[in-house]
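As structure tokens, the structure follows; a few thoughts come after it.
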Amino acid sequence: MDINIVYSFFLIFSGAAVLASVALLTRQPLILAYIVLGILVGPFGISLINNTQMLTDVAEIGIIFLLFLLGLDMQPSALLHVLKKATGVALLSSLAFATIGYAIAIGSGFTQLEALIVAISVVFSSTIIGIKLLPTTVLHHRHTGELVVGLLLIQDLIAIIALLVLAGGKDGLSIGTLGKTLLALPLLIAIAYVSVRYVLFRLFAKFDRFHEYIFLVAIGWCLGIAELSKAMGLSLEIGAFIAGVSIATSPIAQYIAESLKPLRDFFLILFFFSLGAGLNIGLLPETLIPVIVLSVVLLAAKPAIFAALLRLGKESKKTAWEIGFRLGQISEFSLLIAFLAIDKGMISEKASVLIQASAILMFMLSSYIVVLNYPSPIAISDRLRRD
């Protein structure tokens, strides 16, 4: 049955409003409300929305804008400020997490390629949960927030490299195709740099009084570079990220980021709804044990490994463990990797369900741990609630 897009948006946003209200009243993360709604009304639930192609297209648009906004916030100075300490921690922890993910996937009967994709997907921590559960004062003015942001930025860079490799599907892992892709990447960066310096910044400077124009050009720039990236053999997502980074150093970047926040929130809802709708709950019984094992092991291992590495870097025990727990889940990038990998035919639907279900479970449990033990804007205890 075909359902028109207006009716689909009615179901998505009205349903999200109801479940988000319940989530806020019960101190649950809003992300879970959107994912649960997708599971309930999507093709594998009661099937009120069963146009999977439409859902895929919507998710793609959401991913593009999410990565564009991520690029806008990736200031080189912010990354360099914590590079010395955070890089070693990020790389060593990534290797440890990947080893754990690979071992569990192989032990659960998945193929080597599927195990590698699972290993890559569990490396990252959630930018959304990590940042959203940090009080603003901690995020901007304290060492803990600085390290959390630094680690997430480095993980984001690793994720972009992983997406670059996955963009070509199975062939993308070959030396020839990967080499061609890597040659296209610096060319795209050069085109973006020249265009921004000699065209875009001049347009911004000349017409910065017209806010609607800045908004329009920012969206056009994002989608234009994304399409150029796709034409060059990369991915839409890589192009969107480069589009954001290319204008991140401009004084107007923060205004663009602020003006695009409503658009970001709009697509965040659609993105996580689509992820929930794409979760084949019929396969959950087959993957339930691997999901539980992967989630429980990583929930224990991630905080411990982060804390141990940070302690080696002379951080205090309290700070090291807090950062470990705040980054103790897997990421929305993990979901994106599963989405791309299954789209490219690199993993089975069963492996995709393993990644998606583990991410959802870890989002929930990790959020509870942080909310119950550390300062956050949605803490249940008045003692821990910080804006």
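Ligands are numbered from 1 in the order shown, chains are lettered A, B, ... in the order of the structure tokens, and residues start at 1 in each chain.
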Can you list, as a PyMOL selection string, every protein, DNA or RNA residue that comes within 9 Å of Met362 in chain A when you count only C-alpha atoms, leaving out same-chain residues fewer than 2 positions away?
-> chain A and resi 295-296+298-299+328-330+357-360+364-367
Using only C-alpha atoms, please write the residues we just selected to a file, as a tab-separated table (two decimals), in the first residue's frame.
chain	number	residue	atom	x	y	z
A	295	SER	CA	26.15	-4.84	24.49
A	296	VAL	CA	27.02	-6.07	27.99
A	298	LEU	CA	31.11	-3.24	25.59
A	299	LEU	CA	29.18	-1.45	28.35
A	328	GLY	CA	30.47	4.09	27.09
A	329	GLN	CA	28.05	3.38	24.24
A	330	ILE	CA	28.37	2.85	20.51
A	357	ALA	CA	19.86	-3.58	18.18
A	358	SER	CA	23.12	-3.35	20.15
A	359	ALA	CA	23.30	0.40	19.48
A	360	ILE	CA	19.73	0.94	20.62
A	364	MET	CA	19.37	3.28	26.58
A	365	LEU	CA	21.57	1.65	29.22
A	366	SER	CA	24.45	4.10	28.87
A	367	SER	CA	22.06	7.05	29.17
Using only C-alpha atoms, determine which residues lie at most 12 Å from Ala338 in chain A, disregarding the query and same-chain residues fewer than 2 positions distant; provide the list as a ChimeraX atom specification.
-> /A:114-122,162-163,166-167,169,275,278-279,331-336,340-359
File of the preceding selection, C-alpha atoms, as a short mmCIF file (atom, residue, chain, number, x, y, z; two decimals), in the first residue's frame:
data_model
loop_
_atom_site.label_atom_id
_atom_site.label_comp_id
_atom_site.auth_asym_id
_atom_site.auth_seq_id
_atom_site.Cartn_x
_atom_site.Cartn_y
_atom_site.Cartn_z
CA GLU A 114 30.65 -9.10 8.66
CA ALA A 115 32.86 -9.38 11.76
CA LEU A 116 35.11 -6.64 10.39
CA ILE A 117 32.10 -4.36 9.83
CA VAL A 118 30.88 -5.10 13.36
CA ALA A 119 34.39 -4.37 14.67
CA ILE A 120 34.46 -1.00 12.89
CA SER A 121 30.95 -0.11 14.06
CA VAL A 122 31.66 -0.62 17.78
CA ALA A 162 35.66 4.16 7.62
CA LEU A 163 32.78 5.62 5.62
CA LEU A 166 32.70 1.57 2.79
CA ALA A 167 31.46 4.00 0.15
CA GLY A 169 30.95 -1.38 -1.26
CA LEU A 275 16.64 3.52 11.76
CA GLY A 278 14.53 -0.44 9.35
CA LEU A 279 15.15 -2.75 12.32
CA SER A 331 27.52 5.59 18.09
CA GLU A 332 25.00 6.85 15.59
CA PHE A 333 27.95 6.40 13.23
CA SER A 334 27.65 2.68 14.02
CA LEU A 335 24.11 2.78 12.73
CA LEU A 336 25.23 4.69 9.66
CA LEU A 340 25.74 1.74 4.30
CA ALA A 341 27.19 -1.76 4.61
CA ILE A 342 23.88 -3.51 4.04
CA ASP A 343 23.05 -1.10 1.21
CA LYS A 344 26.34 -2.09 -0.46
CA GLY A 345 25.68 -5.81 0.09
CA MET A 346 28.65 -6.20 2.45
CA ILE A 347 26.71 -7.66 5.38
CA SER A 348 23.57 -9.69 5.87
CA GLU A 349 20.41 -8.29 7.41
CA LYS A 350 21.15 -10.40 10.47
CA ALA A 351 24.50 -8.65 10.97
CA SER A 352 22.83 -5.28 10.45
CA VAL A 353 20.26 -6.14 13.12
CA LEU A 354 23.09 -7.07 15.49
CA ILE A 355 24.64 -3.61 15.10
CA GLN A 356 21.35 -1.70 15.22
CA ALA A 357 19.86 -3.58 18.18
CA SER A 358 23.12 -3.35 20.15
CA ALA A 359 23.30 0.40 19.48
#
8 Å contact set for range 253-265 of chain A, only C-alpha atoms, chain neighbours under 4 positions out, as an MDAnalysis selection string = chainID A and resid 62 65:66 69 72:73 214:215 218 247:249 269
Pull C-alpha atoms from the residues just selected and write them as an mmCIF file, in the first residue's frame.
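The result, written out as again01.cif:
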data_model
loop_
_atom_site.group_PDB
_atom_site.id
_atom_site.type_symbol
_atom_site.label_atom_id
_atom_site.label_comp_id
_atom_site.auth_asym_id
_atom_site.auth_seq_id
_atom_site.Cartn_x
_atom_site.Cartn_y
_atom_site.Cartn_z
ATOM 1 C CA GLY A 62 19.032 13.213 7.379
ATOM 2 C CA PHE A 65 22.599 17.269 7.006
ATOM 3 C CA LEU A 66 23.847 15.634 10.194
ATOM 4 C CA LEU A 69 26.477 20.193 10.791
ATOM 5 C CA LEU A 72 30.526 22.994 10.749
ATOM 6 C CA ASP A 73 31.368 22.321 14.399
ATOM 7 C CA ILE A 214 22.801 32.801 3.994
ATOM 8 C CA PHE A 215 20.486 29.966 4.977
ATOM 9 C CA ALA A 218 24.455 27.052 3.133
ATOM 10 C CA ILE A 247 33.347 26.815 6.043
ATOM 11 C CA ALA A 248 33.893 25.951 9.723
ATOM 12 C CA THR A 249 36.609 28.594 10.120
ATOM 13 C CA ILE A 269 13.735 12.792 14.131
#
Nearest to Ser195 in chain A, chosen from A:Leu236, A:Leu152, A:Ile225, A:Leu327, with only C-alpha atoms counted in the distances |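 Closest residue, counting only C-alpha atoms: A:Ile225.
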Long-range neighbours of range 4-14 of chain A as a PyMOL selection string, 10 Å cut-off, only C-alpha atoms, 2 positions minimum in chain = chain A and resi 1-2+16-20+34+37-38+41-42+48-51+54-55+266+269-270+273-274
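Between CA of Gly324 in chain A and CA of Ala307 in chain A there is a distance of 5.4 Å.
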Which one is closest to Ile64 in chain A: A:Gln155, A:Ser235, A:Thr127, A:Ser47? Count only C-alpha atoms.
->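 Once distances to Ile64 in chain A are computed over only C-alpha atoms, the minimum belongs to A:Ser235.
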Just give me the gap between CA of Phe267 in chain A and CA of Ile63 in chain A in Å, one decimal is fine.
-> 8.0 Å
CA of Ile104 in chain A to CA of Ala90 in chain A, distance in Å rounded to a single decimal |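 One can read the CA of Ile104 in chain A to CA of Ala90 in chain A distance as 21.1 Å.
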Looking at only C-alpha atoms, which of A:Gly244, A:Gly71, A:Gly101, A:Gly239 is the one that sits closest to Val293 in chain A?
->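 The shortest atom-to-atom distance to Val293 in chain A comes from A:Gly101.
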Would you list, as a tab-separated table (two decimals) with C-alpha atoms, in the first residue's frame, the residues of range 197-385 of chain A that end up in helix (DSSP H, G or I) under DSSP run on this structure's backbone?
chain	number	residue	atom	x	y	z
A	197	ARG	CA	37.85	31.16	-0.38
A	198	TYR	CA	37.17	32.88	-3.71
A	199	VAL	CA	33.41	32.61	-4.08
A	200	LEU	CA	31.45	31.59	-0.99
A	201	PHE	CA	33.18	33.80	1.59
A	202	ARG	CA	32.86	36.80	-0.72
A	203	LEU	CA	29.15	36.15	-1.16
A	204	PHE	CA	28.75	35.81	2.61
A	205	ALA	CA	30.61	39.08	3.20
A	206	LYS	CA	28.58	40.97	0.60
A	207	PHE	CA	25.13	39.70	1.55
A	211	HIS	CA	19.74	35.91	6.66
A	212	GLU	CA	17.43	34.02	4.37
A	213	TYR	CA	20.09	34.19	1.66
A	214	ILE	CA	22.80	32.80	3.99
A	215	PHE	CA	20.49	29.97	4.98
A	216	LEU	CA	19.73	29.20	1.33
A	217	VAL	CA	23.38	29.28	0.22
A	218	ALA	CA	24.45	27.05	3.13
A	219	ILE	CA	21.94	24.37	2.17
A	220	GLY	CA	22.80	24.69	-1.51
A	221	TRP	CA	26.52	24.41	-0.71
A	222	CYS	CA	25.96	21.29	1.40
A	223	LEU	CA	23.88	19.49	-1.23
A	224	GLY	CA	26.06	20.71	-4.11
A	225	ILE	CA	29.31	19.36	-2.64
A	226	ALA	CA	27.50	16.16	-1.62
A	227	GLU	CA	26.38	15.57	-5.21
A	228	LEU	CA	29.84	16.43	-6.54
A	229	SER	CA	31.32	13.93	-4.11
A	230	LYS	CA	28.99	11.23	-5.36
A	231	ALA	CA	29.87	12.05	-8.97
A	236	LEU	CA	27.03	11.96	-0.40
A	237	GLU	CA	27.93	11.79	3.29
A	238	ILE	CA	31.63	12.46	2.74
A	239	GLY	CA	30.78	15.45	0.54
A	240	ALA	CA	28.43	16.89	3.13
A	241	PHE	CA	31.07	16.58	5.84
A	242	ILE	CA	33.71	18.30	3.67
A	243	ALA	CA	31.19	21.04	2.85
A	244	GLY	CA	30.77	21.72	6.56
A	245	VAL	CA	34.47	21.64	7.45
A	246	SER	CA	35.32	23.93	4.52
A	253	ALA	CA	29.82	29.35	10.47
A	254	GLN	CA	28.33	29.58	13.97
A	255	TYR	CA	25.40	31.60	12.65
A	256	ILE	CA	24.83	28.98	9.95
A	257	ALA	CA	24.99	26.21	12.54
A	258	GLU	CA	22.51	28.03	14.77
A	259	SER	CA	20.13	28.78	11.89
A	261	LYS	CA	19.51	23.72	14.18
A	262	PRO	CA	15.75	23.47	13.55
A	263	LEU	CA	16.51	21.70	10.28
A	264	ARG	CA	18.96	19.45	12.12
A	265	ASP	CA	16.33	18.56	14.73
A	266	PHE	CA	13.78	17.90	11.98
A	267	PHE	CA	16.10	15.44	10.26
A	268	LEU	CA	17.29	13.92	13.52
A	269	ILE	CA	13.74	12.79	14.13
A	270	LEU	CA	13.43	11.40	10.62
A	271	PHE	CA	16.88	9.79	10.79
A	272	PHE	CA	16.29	7.90	14.02
A	273	PHE	CA	12.73	7.05	13.06
A	274	SER	CA	14.05	5.53	9.85
A	275	LEU	CA	16.64	3.52	11.76
A	276	GLY	CA	13.95	2.13	14.03
A	277	ALA	CA	11.69	1.38	11.07
A	281	ILE	CA	12.44	-7.26	14.76
A	282	GLY	CA	11.59	-10.63	13.23
A	283	LEU	CA	15.32	-11.41	13.24
A	284	LEU	CA	15.82	-10.38	16.86
A	285	PRO	CA	15.28	-13.92	18.25
A	286	GLU	CA	18.14	-15.14	16.03
A	287	THR	CA	20.48	-12.37	17.15
A	288	LEU	CA	19.31	-11.88	20.73
A	289	ILE	CA	22.22	-13.65	22.41
A	290	PRO	CA	24.93	-11.91	20.31
A	291	VAL	CA	23.18	-8.56	20.90
A	292	ILE	CA	23.13	-9.06	24.67
A	293	VAL	CA	26.72	-10.32	24.77
A	294	LEU	CA	28.05	-7.51	22.57
A	295	SER	CA	26.15	-4.84	24.49
A	296	VAL	CA	27.02	-6.07	27.99
A	297	VAL	CA	30.70	-6.66	27.21
A	298	LEU	CA	31.11	-3.24	25.59
A	299	LEU	CA	29.18	-1.45	28.35
A	300	ALA	CA	31.69	-2.90	30.80
A	301	ALA	CA	34.78	-2.64	28.61
A	302	LYS	CA	34.42	0.85	27.15
A	303	PRO	CA	34.42	2.82	30.43
A	304	ALA	CA	37.19	0.61	31.84
A	305	ILE	CA	39.44	0.96	28.78
A	306	PHE	CA	38.89	4.70	28.47
A	307	ALA	CA	39.54	5.15	32.20
A	308	ALA	CA	42.73	3.05	32.12
A	309	LEU	CA	44.16	4.93	29.12
A	310	LEU	CA	43.26	8.33	30.58
A	311	ARG	CA	44.84	7.36	33.91
A	312	LEU	CA	48.04	6.55	32.01
A	317	LYS	CA	40.58	8.65	38.66
A	318	LYS	CA	37.28	10.55	38.96
A	319	THR	CA	37.68	12.37	35.64
A	320	ALA	CA	38.88	9.25	33.82
A	321	TRP	CA	35.91	7.15	34.90
A	322	GLU	CA	33.39	9.91	34.24
A	323	ILE	CA	34.66	10.33	30.68
A	324	GLY	CA	34.65	6.55	30.26
A	325	PHE	CA	31.01	6.24	31.27
A	326	ARG	CA	29.95	9.26	29.21
A	332	GLU	CA	25.00	6.85	15.59
A	333	PHE	CA	27.95	6.40	13.23
A	334	SER	CA	27.65	2.68	14.02
A	335	LEU	CA	24.11	2.78	12.73
A	336	LEU	CA	25.23	4.69	9.66
A	337	ILE	CA	27.93	2.10	8.98
A	338	ALA	CA	25.35	-0.69	9.25
A	339	PHE	CA	23.03	1.25	6.94
A	340	LEU	CA	25.74	1.74	4.30
A	341	ALA	CA	27.19	-1.76	4.61
A	342	ILE	CA	23.88	-3.51	4.04
A	343	ASP	CA	23.05	-1.10	1.21
A	349	GLU	CA	20.41	-8.29	7.41
A	350	LYS	CA	21.15	-10.40	10.47
A	351	ALA	CA	24.50	-8.65	10.97
A	352	SER	CA	22.83	-5.28	10.45
A	353	VAL	CA	20.26	-6.14	13.12
A	354	LEU	CA	23.09	-7.07	15.49
A	355	ILE	CA	24.64	-3.61	15.10
A	356	GLN	CA	21.35	-1.70	15.22
A	357	ALA	CA	19.86	-3.58	18.18
A	358	SER	CA	23.12	-3.35	20.15
A	359	ALA	CA	23.30	0.40	19.48
A	360	ILE	CA	19.73	0.94	20.62
A	361	LEU	CA	20.22	-1.14	23.77
A	362	MET	CA	23.49	0.62	24.60
A	363	PHE	CA	21.98	4.07	23.96
A	364	MET	CA	19.37	3.28	26.58
A	365	LEU	CA	21.57	1.65	29.22
A	366	SER	CA	24.45	4.10	28.87
A	367	SER	CA	22.06	7.05	29.17
A	368	TYR	CA	20.66	5.59	32.38
A	369	ILE	CA	24.15	5.16	33.84
A	370	VAL	CA	25.11	8.78	33.08
A	371	VAL	CA	21.81	10.29	34.20
A	372	LEU	CA	21.85	8.40	37.50
A	373	ASN	CA	25.51	9.08	38.36
